[in-house]
Amino acid sequence: MSDTLKGYQERLAQAFDGKMSEFAGEVSVFVPAQKIEAAARMIHDEFGFKFLSFVSAVDYWPAEKPRFHAIYRFTAIEQKLTLNVRVPVPGISPSLPTLEPVYHNANWHEREIFDMFGINFEGHSDMRRILMPADWQGHPQRKDYPLGYEEPQYSFNFDEIAARKPRGKE
Amino acid sequence: MGIEQKLGNMGVVTARLEDVVNWSRTNAMWPMLFGLACCAIEMMSAQSANHDMSRFGMELMRPSPRQSDLMIVAGRVSRKMAPVLRRLYDQMPDPKWVVAMGDCASCGGVFNNYAVVQGVDEVVPVDVYVAGCPPRPEALIHGIVTLHEKVRKEKFKDWA
Amino acid sequence: MTQIQEVSLDEIRHLVSDRAISGETMLLNMGPQHPSTHGVLRLLLELDGETVVNCIPDIGFLHTGIEKNMEAKTYQKAEVMTDRMDYMNTVGNNFTYSLAVEKLIGLDVPPRAQALRVILAELTRIQSHLVWLGTSALDVAAMSVFLYCFREREEVLHIMELVSGQRMMTTYIRPGGVWRDVPVEFEKAVRDFLKIIPQRIDEYEAMLTKNPLFLDRTLGIGPISAEDATNWGLTGATLRASGVNYDLRRFAPYSGYEQYDFDVPLRTEGDVYARYIVRMEEMRQSVRIIQQALDKLPLGPVRSNNHKFVPPPRSEIGTSMEALIHHFKLWTEGFSAPQGSVYVATESPRGELGCYLESDGGPKPYRVHFRTPSFDNLQVLPFLSKGFLVADLVAIVGSVDIVLGDIDR
C-alpha cells in the first residue's frame, strides 16, 4: 500500500473521527452516517478521487446498531489509488445523505440500495424503486426477507405440485 | 404431403383443407423478435448465417406482436416482466404458439428465488419446451420442427 | 403476478419538463419489447417532435435476484449464477468471481491456469465485441455486418465448447484455477482463429469505417467530455472514447496481464463513432494478447493443489483416503472463508466489472455484490441523448454497449 493512500486514509479518519479496519491488504475507513457527504467532498476535491466505483450495502440483521453498512469505493484514475469507505446505518428508519451532487452516478446506486435494503437517501432527486416493480412489498436483499424458494418437482411429488401450480390460460 | 409427386402425375391435387392450411401455417410461421436474456443471443445465432432458421420460413422476425404467430420466450421471466409478456401474448392474433426456450423459461432453471417466474407456463400456455441453458441453436430449431409436427396434427374443430 | 406498471404523470413530475404537463411535448413509451433496446429496457421519452427532451430509463425487467440467490449457496455452487449475469461475458464473470474468492481465502493460482484464463477472457472479449458490432450496426440499419459477425462468433464458441463442453455458460474458470486442462486440439483451434480474425476485422471496417451512411449516423452523436464521463462513472470503451485512460488490465493488473504487451486505444471525441473505433481497435489488441499468451503458455498444473479449497483430481479419489475426505467435505458442506470482505475488479468488454464479496466465516458468502459496467453506462443515457433525434438515441443505446442481464442482475 502506498504512503499517499495511507496519508489520505489517516486524514479522513482524523477529520471524521472514524476508525479503520483492514482485511487482505485493503483498508476501509469508517465514517459516521451524517458526515458522508462532507467526506465525499473531501475525497473528491482534496484527494482527487474523481471516480465513484460503486455504492452498496450489507445487512447485518439481527444486529440493530448498526444494522447496515453502506460501502463506498472511490478511485483516483491518475494516481492509481482506490479508497474504501464504510458507513454504519441503524436499522430503525435507516437514512443517509445522498452523494448525487458530488458523483452523478451515485443516483442509480442509491436507488438500488433503497430498493434492495430500504435505506432512504435524503436529498436524492429521484427516490423510486429501480429494479423491483413499484408496488412490490419489502426489500429483497434484507436478511429477514425470504429467498422465495419454490419446492422443485420430483416424480414423488409431481402431481401434488402440478395441482397447485398456476397455469397460463389461452 | 408429397404434393410434388401428385402434381407431376396428374396436374391436379386433392387434399383435405385442414392439411393444406396446417401445411401453410408451418411454412410461414413468423416469430416475434422478443429476446429476454442469454437465450436471446442463441436465438440470434439460430437466425444467423451458420444455422439459418429461414430454411423453415422464419426469416422474418416481427418486432410487433400483431404481425407474429410464434412467441419464443428466450430467457428468464422476472416478476416485473411477466405482465408485459402476457400483454404481448394477448396482442398476438390467433392462431398463435409459444415456445419456452431454455431452462429458465421452462421451469425457472437455476434461479429459484423471489424475482423469477418459475416457468413461463404460469403466465402463457406453452406448446414446446426446449431444454438447455442456453439451448444450442440446433436445439431451438429442433424445438421448432417439433412445433411444426404439432401444428400439422391440429384439427379445425379445436380452433372453433 | 403484479399488474403492468402504469406510471402517472405526478410520479415522474420531477423528471419531465413543464412542457410535458401542458401537453406541448409528447411522452412516448419505448420498450420493454423493442428491437433496438437490446433486451428488455424500457425508455420513457419526452419528445418535442422528433427531438428527445428527456429520456427516463426504466430497468429491472430482467432482475433475477442473483446476488440474493448466491448468498444461499456455497462458494463453489454460487459460481454458476455468475455466468448468467452478463451473458456476453460469461468467462469474465467467472474470472472476476474466482479472483474475489481467491483473494478472500488467499489462494494461489498456477501460472498455466492464469495464462489460460487470460486467453479465454480475451476470446470472450472478441466474441462480445462481435455481438455488439453486429447488433449496433443493425440498429443503424447495416444488416450484413450482423451476419458477418455471427459467423466469426461461432468460431469462438467452438473453442469454448472444446474446452468446457458448453457454448456460452462455460463455468470453466473456477476458484483455484480452471476446471481441467485444455484438450490437445485447443492450441491449434486458437491459432487458426487468430489467423483469420485480423482479416475479418478489416472486412468489418471496410463495411463501416468510411461508409458515409454510417458516418452520418455516428459522427458527433451523443458526445461526452472526459470530466463528465468520469463523474458519471462510465468505464470501458465508453470512457476511453472520451480520452480517459482507465483500463483495469493496466490500472491494477491481475492474472499476469502485466507481462503482455498491448496498447489501450484512446479517442478524445467521446461520440458514437469514437466508441466504435475504440472497440474495433480493442479487438485487435485482444488478438495480440492471445498470441503472446499462447506463445509462452507454461506447462504445469491448472489447479491449485490446496485441497482444502480445490477438489482433488478424480484419479486420486480411488487411492487416497485423504483425497476422498477432501472431496466429500467440499461437495457437501463446502469450504469456509475467513471473516472479511474483498473487492476485485476486472476489465470486462463493457468496463469495470467488480465483485464485492463478504464472508462471515461460514461456507456461504454473506454478501455478494457485482459492480456491473452496464449499470453505470446506461445511467448516463438521459445526459447523452438530450437534444438528439429518436433515431440517434437508438445509435447511442447501441454504442454504450449495454447488456440487460448485467444491469438488472
# chains A, B, ... in the order shown; residues from 1 in each chain; ligands from 1
>>> interface_residues(of="chain C", to="chain B", cutoff="7 Å", atoms="only C-alpha atoms", output="list of chain:residue names")
C:Met1, C:Thr2, C:Gln3, C:Ile4, C:Gln33, C:His34, C:Pro35, C:Gly39, C:Val40, C:Phe61, C:Leu62, C:His63, C:Thr64, C:Gly65, C:Asn69, C:Arg84, C:Tyr87, C:Leu147, C:Phe150, C:Arg151, C:Gly405
>>> residues_around(residues="Gly351 (chain C)", least_positions_apart="6", cutoff="9 Å", atoms="only C-alpha atoms", output="list in words")
Leu234, Thr235, Gly236, Ala237, Thr238, Leu239, Asp247, Leu248, Thr372, Pro373, Ser374 and Asn377 of chain C
>>> write_last_selection(atoms="all heavy atoms", output="PDB file, in the first residue's frame")
ATOM      1  N   LEU C 234     -18.666   6.194 -15.990  1.00  0.00           N
ATOM      2  CA  LEU C 234     -18.514   5.360 -17.180  1.00  0.00           C
ATOM      3  C   LEU C 234     -17.205   4.585 -17.105  1.00  0.00           C
ATOM      4  O   LEU C 234     -16.228   5.049 -16.535  1.00  0.00           O
ATOM      5  CB  LEU C 234     -18.495   6.215 -18.443  1.00  0.00           C
ATOM      6  CG  LEU C 234     -19.753   6.948 -18.829  1.00  0.00           C
ATOM      7  CD1 LEU C 234     -19.588   7.564 -20.197  1.00  0.00           C
ATOM      8  CD2 LEU C 234     -20.933   6.013 -18.843  1.00  0.00           C
ATOM      9  N   THR C 235     -17.199   3.397 -17.668  1.00  0.00           N
ATOM     10  CA  THR C 235     -15.970   2.620 -17.745  1.00  0.00           C
ATOM     11  C   THR C 235     -15.897   1.953 -19.111  1.00  0.00           C
ATOM     12  O   THR C 235     -16.831   2.019 -19.893  1.00  0.00           O
ATOM     13  CB  THR C 235     -15.911   1.537 -16.655  1.00  0.00           C
ATOM     14  OG1 THR C 235     -17.168   0.887 -16.598  1.00  0.00           O
ATOM     15  CG2 THR C 235     -15.548   2.096 -15.322  1.00  0.00           C
ATOM     16  N   GLY C 236     -14.796   1.299 -19.347  1.00  0.00           N
ATOM     17  CA  GLY C 236     -14.641   0.538 -20.576  1.00  0.00           C
ATOM     18  C   GLY C 236     -14.444   1.424 -21.779  1.00  0.00           C
ATOM     19  O   GLY C 236     -13.981   2.557 -21.676  1.00  0.00           O
ATOM     20  N   ALA C 237     -14.810   0.904 -22.943  1.00  0.00           N
ATOM     21  CA  ALA C 237     -14.586   1.632 -24.181  1.00  0.00           C
ATOM     22  C   ALA C 237     -15.338   2.955 -24.195  1.00  0.00           C
ATOM     23  O   ALA C 237     -14.898   3.931 -24.803  1.00  0.00           O
ATOM     24  CB  ALA C 237     -15.009   0.770 -25.363  1.00  0.00           C
ATOM     25  N   THR C 238     -16.475   3.002 -23.513  1.00  0.00           N
ATOM     26  CA  THR C 238     -17.264   4.231 -23.475  1.00  0.00           C
ATOM     27  C   THR C 238     -16.484   5.359 -22.809  1.00  0.00           C
ATOM     28  O   THR C 238     -16.576   6.512 -23.212  1.00  0.00           O
ATOM     29  CB  THR C 238     -18.566   3.962 -22.727  1.00  0.00           C
ATOM     30  OG1 THR C 238     -19.025   2.662 -23.071  1.00  0.00           O
ATOM     31  CG2 THR C 238     -19.620   4.956 -23.092  1.00  0.00           C
ATOM     32  N   LEU C 239     -15.719   5.013 -21.772  1.00  0.00           N
ATOM     33  CA  LEU C 239     -14.900   6.020 -21.092  1.00  0.00           C
ATOM     34  C   LEU C 239     -13.648   6.336 -21.905  1.00  0.00           C
ATOM     35  O   LEU C 239     -13.269   7.496 -22.055  1.00  0.00           O
ATOM     36  CB  LEU C 239     -14.506   5.501 -19.709  1.00  0.00           C
ATOM     37  CG  LEU C 239     -13.623   6.392 -18.844  1.00  0.00           C
ATOM     38  CD1 LEU C 239     -14.353   7.655 -18.461  1.00  0.00           C
ATOM     39  CD2 LEU C 239     -13.185   5.664 -17.602  1.00  0.00           C
ATOM     40  N   ASP C 247      -8.011   1.434 -17.863  1.00  0.00           N
ATOM     41  CA  ASP C 247      -8.204   0.048 -18.253  1.00  0.00           C
ATOM     42  C   ASP C 247      -7.673  -0.779 -17.096  1.00  0.00           C
ATOM     43  O   ASP C 247      -6.502  -0.677 -16.742  1.00  0.00           O
ATOM     44  CB  ASP C 247      -7.423  -0.246 -19.544  1.00  0.00           C
ATOM     45  CG  ASP C 247      -7.693  -1.649 -20.049  1.00  0.00           C
ATOM     46  OD1 ASP C 247      -7.855  -2.543 -19.212  1.00  0.00           O
ATOM     47  OD2 ASP C 247      -7.723  -1.848 -21.279  1.00  0.00           O
ATOM     48  N   LEU C 248      -8.529  -1.586 -16.489  1.00  0.00           N
ATOM     49  CA  LEU C 248      -8.116  -2.292 -15.276  1.00  0.00           C
ATOM     50  C   LEU C 248      -7.003  -3.287 -15.522  1.00  0.00           C
ATOM     51  O   LEU C 248      -6.297  -3.671 -14.605  1.00  0.00           O
ATOM     52  CB  LEU C 248      -9.319  -2.987 -14.644  1.00  0.00           C
ATOM     53  CG  LEU C 248     -10.151  -2.007 -13.831  1.00  0.00           C
ATOM     54  CD1 LEU C 248     -11.596  -2.372 -13.850  1.00  0.00           C
ATOM     55  CD2 LEU C 248      -9.631  -1.941 -12.418  1.00  0.00           C
ATOM     56  N   THR C 372     -21.527  -3.725 -11.847  1.00  0.00           N
ATOM     57  CA  THR C 372     -21.564  -4.085 -13.256  1.00  0.00           C
ATOM     58  C   THR C 372     -21.408  -2.848 -14.121  1.00  0.00           C
ATOM     59  O   THR C 372     -21.982  -1.802 -13.823  1.00  0.00           O
ATOM     60  CB  THR C 372     -22.878  -4.799 -13.579  1.00  0.00           C
ATOM     61  OG1 THR C 372     -23.937  -4.041 -13.054  1.00  0.00           O
ATOM     62  CG2 THR C 372     -22.884  -6.171 -12.978  1.00  0.00           C
ATOM     63  N   PRO C 373     -20.630  -2.958 -15.192  1.00  0.00           N
ATOM     64  CA  PRO C 373     -20.346  -1.777 -16.009  1.00  0.00           C
ATOM     65  C   PRO C 373     -21.574  -1.226 -16.724  1.00  0.00           C
ATOM     66  O   PRO C 373     -21.740  -0.010 -16.810  1.00  0.00           O
ATOM     67  CB  PRO C 373     -19.306  -2.282 -17.001  1.00  0.00           C
ATOM     68  CG  PRO C 373     -19.393  -3.757 -16.980  1.00  0.00           C
ATOM     69  CD  PRO C 373     -19.863  -4.135 -15.623  1.00  0.00           C
ATOM     70  N   SER C 374     -22.457  -2.102 -17.197  1.00  0.00           N
ATOM     71  CA  SER C 374     -23.607  -1.595 -17.947  1.00  0.00           C
ATOM     72  C   SER C 374     -24.511  -0.733 -17.079  1.00  0.00           C
ATOM     73  O   SER C 374     -25.151   0.183 -17.567  1.00  0.00           O
ATOM     74  CB  SER C 374     -24.428  -2.752 -18.507  1.00  0.00           C
ATOM     75  OG  SER C 374     -23.646  -3.629 -19.218  1.00  0.00           O
ATOM     76  N   ASN C 377     -23.041   2.572 -17.184  1.00  0.00           N
ATOM     77  CA  ASN C 377     -23.004   3.102 -18.540  1.00  0.00           C
ATOM     78  C   ASN C 377     -24.385   3.486 -19.041  1.00  0.00           C
ATOM     79  O   ASN C 377     -24.518   4.430 -19.817  1.00  0.00           O
ATOM     80  CB  ASN C 377     -22.400   2.066 -19.493  1.00  0.00           C
ATOM     81  CG  ASN C 377     -20.911   1.889 -19.276  1.00  0.00           C
ATOM     82  OD1 ASN C 377     -20.340   2.491 -18.377  1.00  0.00           O
ATOM     83  ND2 ASN C 377     -20.292   1.077 -20.091  1.00  0.00           N
TER      84      ASN C 377
END
>>> closest_atom_pairs(of="chain A", to="chain B", cutoff="6 Å", atoms="only C-alpha atoms", output="tab-separated table")
residue	atom	partner	partner_atom	distance
A:Pro133	CA	B:Lys80	CA	5.6
A:Leu147	CA	B:Asn113	CA	5.4
A:Gly148	CA	B:Tyr114	CA	4.4
A:Tyr149	CA	B:Asn113	CA	5.1
A:Pro166	CA	B:Glu122	CA	5.2
A:Arg167	CA	B:Glu122	CA	4.3
A:Gly168	CA	B:Val124	CA	4.1
A:Lys169	CA	B:Pro125	CA	5.9
>>> write_last_selection(atoms="C-alpha atoms", output="short mmCIF file (atom, residue, chain, number, x, y, z; two decimals), in the first residue's frame")
data_model
loop_
_atom_site.label_atom_id
_atom_site.label_comp_id
_atom_site.auth_asym_id
_atom_site.auth_seq_id
_atom_site.Cartn_x
_atom_site.Cartn_y
_atom_site.Cartn_z
CA PRO A 133 -41.98 -3.31 -9.59
CA LEU A 147 -35.36 -16.05 -0.72
CA GLY A 148 -38.71 -17.21 -2.08
CA TYR A 149 -37.65 -20.78 -2.73
CA PRO A 166 -50.76 -21.71 -11.60
CA ARG A 167 -51.22 -22.19 -15.35
CA GLY A 168 -51.42 -19.55 -18.06
CA LYS A 169 -54.76 -19.68 -19.89
#
>>> interface_residues(of="chain A", to="chain C", cutoff="8 Å", atoms="only C-alpha atoms", output="list of chain:residue names")
A:Phe23, A:Ala24, A:Glu26, A:Lys50, A:Phe51, A:Leu52, A:Ser53, A:Phe54, A:Ser56, A:Val58, A:Ile77, A:Lys80, A:Tyr103, A:His104, A:Asn105, A:Trp108, A:Ser125, A:Asp126, A:Ile130, A:Leu131, A:Met132, A:Pro133, A:Ala134, A:Asp135, A:Pro140, A:Gln141, A:Leu147
>>> residues_around(residues="Pro62 (chain A)", least_positions_apart="5", cutoff="9 Å", atoms="only C-alpha atoms", output="ChimeraX atom specification")
/A:67,143-144
>>> select_by_dssp(residues="region 253-300 of chain C", states="helix (DSSP H, G or I)", output="VMD selection string")
chain C and resid 257 to 259 272 to 295
>>> select_by_dssp(residues="region 34-131 of chain B", states="strand (DSSP E or B)", output="list of chain:residue names")
B:Gly35, B:Arg62, B:Leu70, B:Met71, B:Ile72, B:Val73, B:Ala74, B:Ser78, B:Trp97, B:Val98, B:Val99, B:Ala100, B:Met101, B:Val116, B:Val128, B:Tyr129, B:Val130
>>> write_last_selection(atoms="N, CA and C atoms", output="PDB file, in the first residue's frame")
ATOM      1  N   GLY B  35     -36.408 -10.922 -27.309  1.00  0.00           N
ATOM      2  CA  GLY B  35     -35.373 -11.602 -26.540  1.00  0.00           C
ATOM      3  C   GLY B  35     -35.392 -11.119 -25.113  1.00  0.00           C
ATOM      4  N   ARG B  62     -40.664 -10.577 -36.473  1.00  0.00           N
ATOM      5  CA  ARG B  62     -41.510  -9.392 -36.421  1.00  0.00           C
ATOM      6  C   ARG B  62     -41.374  -8.713 -35.066  1.00  0.00           C
ATOM      7  N   LEU B  70     -45.654 -16.726 -33.621  1.00  0.00           N
ATOM      8  CA  LEU B  70     -44.930 -17.566 -32.689  1.00  0.00           C
ATOM      9  C   LEU B  70     -44.170 -16.692 -31.714  1.00  0.00           C
ATOM     10  N   MET B  71     -44.351 -16.984 -30.428  1.00  0.00           N
ATOM     11  CA  MET B  71     -43.587 -16.258 -29.419  1.00  0.00           C
ATOM     12  C   MET B  71     -42.524 -17.206 -28.877  1.00  0.00           C
ATOM     13  N   ILE B  72     -41.259 -16.842 -29.085  1.00  0.00           N
ATOM     14  CA  ILE B  72     -40.183 -17.629 -28.497  1.00  0.00           C
ATOM     15  C   ILE B  72     -39.765 -16.918 -27.222  1.00  0.00           C
ATOM     16  N   VAL B  73     -40.102 -17.495 -26.072  1.00  0.00           N
ATOM     17  CA  VAL B  73     -39.738 -16.860 -24.807  1.00  0.00           C
ATOM     18  C   VAL B  73     -38.297 -17.250 -24.524  1.00  0.00           C
ATOM     19  N   ALA B  74     -37.366 -16.376 -24.890  1.00  0.00           N
ATOM     20  CA  ALA B  74     -35.949 -16.704 -24.825  1.00  0.00           C
ATOM     21  C   ALA B  74     -35.347 -16.092 -23.582  1.00  0.00           C
ATOM     22  N   SER B  78     -38.900 -12.322 -15.313  1.00  0.00           N
ATOM     23  CA  SER B  78     -38.965 -11.800 -13.954  1.00  0.00           C
ATOM     24  C   SER B  78     -40.402 -11.435 -13.621  1.00  0.00           C
ATOM     25  N   TRP B  97     -48.660 -19.564 -31.178  1.00  0.00           N
ATOM     26  CA  TRP B  97     -47.982 -20.640 -30.441  1.00  0.00           C
ATOM     27  C   TRP B  97     -46.869 -20.037 -29.603  1.00  0.00           C
ATOM     28  N   VAL B  98     -46.473 -20.784 -28.568  1.00  0.00           N
ATOM     29  CA  VAL B  98     -45.416 -20.319 -27.679  1.00  0.00           C
ATOM     30  C   VAL B  98     -44.363 -21.413 -27.529  1.00  0.00           C
ATOM     31  N   VAL B  99     -43.111 -21.037 -27.712  1.00  0.00           N
ATOM     32  CA  VAL B  99     -42.010 -21.943 -27.423  1.00  0.00           C
ATOM     33  C   VAL B  99     -41.285 -21.396 -26.202  1.00  0.00           C
ATOM     34  N   ALA B 100     -41.169 -22.219 -25.150  1.00  0.00           N
ATOM     35  CA  ALA B 100     -40.378 -21.823 -23.986  1.00  0.00           C
ATOM     36  C   ALA B 100     -38.956 -22.275 -24.243  1.00  0.00           C
ATOM     37  N   MET B 101     -38.084 -21.299 -24.525  1.00  0.00           N
ATOM     38  CA  MET B 101     -36.719 -21.651 -24.892  1.00  0.00           C
ATOM     39  C   MET B 101     -35.836 -21.596 -23.652  1.00  0.00           C
ATOM     40  N   VAL B 116     -37.892 -14.483 -10.035  1.00  0.00           N
ATOM     41  CA  VAL B 116     -38.089 -15.132 -11.323  1.00  0.00           C
ATOM     42  C   VAL B 116     -39.343 -16.002 -11.297  1.00  0.00           C
ATOM     43  N   VAL B 128     -44.192 -25.905 -26.817  1.00  0.00           N
ATOM     44  CA  VAL B 128     -42.985 -26.718 -26.857  1.00  0.00           C
ATOM     45  C   VAL B 128     -41.985 -26.158 -25.851  1.00  0.00           C
ATOM     46  N   TYR B 129     -41.371 -27.043 -25.077  1.00  0.00           N
ATOM     47  CA  TYR B 129     -40.307 -26.655 -24.151  1.00  0.00           C
ATOM     48  C   TYR B 129     -38.976 -27.096 -24.747  1.00  0.00           C
ATOM     49  N   VAL B 130     -38.018 -26.207 -24.786  1.00  0.00           N
ATOM     50  CA  VAL B 130     -36.687 -26.569 -25.283  1.00  0.00           C
ATOM     51  C   VAL B 130     -35.736 -26.544 -24.094  1.00  0.00           C
TER      52      VAL B 130
END
>>> residues_around(residues="Arg16 (chain B)", least_positions_apart="2", cutoff="12 Å", atoms="only C-alpha atoms", output="PDB file with N, CA, C and O atoms, in the first residue's frame")
ATOM      1  N   MET B   1     -46.692 -33.601 -47.613  1.00  0.00           N
ATOM      2  CA  MET B   1     -47.914 -34.119 -48.249  1.00  0.00           C
ATOM      3  C   MET B   1     -47.581 -34.826 -49.560  1.00  0.00           C
ATOM      4  O   MET B   1     -48.457 -35.430 -50.151  1.00  0.00           O
ATOM      5  N   VAL B  13     -54.476 -31.751 -57.609  1.00  0.00           N
ATOM      6  CA  VAL B  13     -54.246 -32.227 -56.258  1.00  0.00           C
ATOM      7  C   VAL B  13     -55.558 -32.255 -55.512  1.00  0.00           C
ATOM      8  O   VAL B  13     -56.321 -31.297 -55.575  1.00  0.00           O
ATOM      9  N   THR B  14     -55.801 -33.323 -54.852  1.00  0.00           N
ATOM     10  CA  THR B  14     -56.905 -33.300 -53.904  1.00  0.00           C
ATOM     11  C   THR B  14     -56.300 -33.497 -52.530  1.00  0.00           C
ATOM     12  O   THR B  14     -55.474 -34.373 -52.326  1.00  0.00           O
ATOM     13  N   GLU B  18     -57.847 -29.028 -44.180  1.00  0.00           N
ATOM     14  CA  GLU B  18     -57.123 -28.994 -42.917  1.00  0.00           C
ATOM     15  C   GLU B  18     -55.617 -29.167 -43.145  1.00  0.00           C
ATOM     16  O   GLU B  18     -54.803 -28.424 -42.612  1.00  0.00           O
ATOM     17  N   ASP B  19     -55.279 -30.145 -43.995  1.00  0.00           N
ATOM     18  CA  ASP B  19     -53.873 -30.415 -44.259  1.00  0.00           C
ATOM     19  C   ASP B  19     -53.206 -29.223 -44.932  1.00  0.00           C
ATOM     20  O   ASP B  19     -52.088 -28.838 -44.588  1.00  0.00           O
ATOM     21  N   VAL B  20     -53.902 -28.647 -45.899  1.00  0.00           N
ATOM     22  CA  VAL B  20     -53.313 -27.535 -46.649  1.00  0.00           C
ATOM     23  C   VAL B  20     -53.098 -26.337 -45.731  1.00  0.00           C
ATOM     24  O   VAL B  20     -52.045 -25.694 -45.754  1.00  0.00           O
ATOM     25  N   VAL B  21     -54.097 -26.065 -44.905  1.00  0.00           N
ATOM     26  CA  VAL B  21     -53.979 -24.908 -44.012  1.00  0.00           C
ATOM     27  C   VAL B  21     -52.842 -25.124 -43.019  1.00  0.00           C
ATOM     28  O   VAL B  21     -51.980 -24.253 -42.835  1.00  0.00           O
ATOM     29  N   ASN B  22     -52.798 -26.306 -42.441  1.00  0.00           N
ATOM     30  CA  ASN B  22     -51.743 -26.570 -41.457  1.00  0.00           C
ATOM     31  C   ASN B  22     -50.370 -26.547 -42.103  1.00  0.00           C
ATOM     32  O   ASN B  22     -49.402 -26.057 -41.516  1.00  0.00           O
ATOM     33  N   TRP B  23     -50.301 -27.070 -43.308  1.00  0.00           N
ATOM     34  CA  TRP B  23     -49.018 -27.054 -44.028  1.00  0.00           C
ATOM     35  C   TRP B  23     -48.548 -25.625 -44.260  1.00  0.00           C
ATOM     36  O   TRP B  23     -47.395 -25.278 -44.042  1.00  0.00           O
ATOM     37  N   ARG B 152     -49.165 -29.578 -37.638  1.00  0.00           N
ATOM     38  CA  ARG B 152     -49.717 -30.390 -38.725  1.00  0.00           C
ATOM     39  C   ARG B 152     -50.836 -31.299 -38.249  1.00  0.00           C
ATOM     40  O   ARG B 152     -51.684 -31.695 -39.027  1.00  0.00           O
ATOM     41  N   LYS B 155     -56.588 -29.848 -35.498  1.00  0.00           N
ATOM     42  CA  LYS B 155     -57.908 -30.028 -36.130  1.00  0.00           C
ATOM     43  C   LYS B 155     -58.644 -28.689 -36.120  1.00  0.00           C
ATOM     44  O   LYS B 155     -58.529 -27.917 -35.167  1.00  0.00           O
ATOM     45  N   PHE B 156     -59.424 -28.469 -37.162  1.00  0.00           N
ATOM     46  CA  PHE B 156     -60.217 -27.240 -37.220  1.00  0.00           C
ATOM     47  C   PHE B 156     -61.171 -27.129 -36.037  1.00  0.00           C
ATOM     48  O   PHE B 156     -61.402 -26.062 -35.505  1.00  0.00           O
TER      49      PHE B 156
END
>>> closest_residue(among="A:Ala162, A:Val55, A:Leu5, A:Met20", to="Arg111 (chain A)", atoms="only C-alpha atoms")
A:Val55
>>> atom_distance(atom1="CA of Phe16 (chain A)", atom2="CA of Ala63 (chain A)")
23.8 Å
>>> residues_around(residues="Val278 (chain C)", least_positions_apart="6", cutoff="9 Å", atoms="only C-alpha atoms", output="MDAnalysis selection string")
chainID C and resid 237:238 240:241 264:267
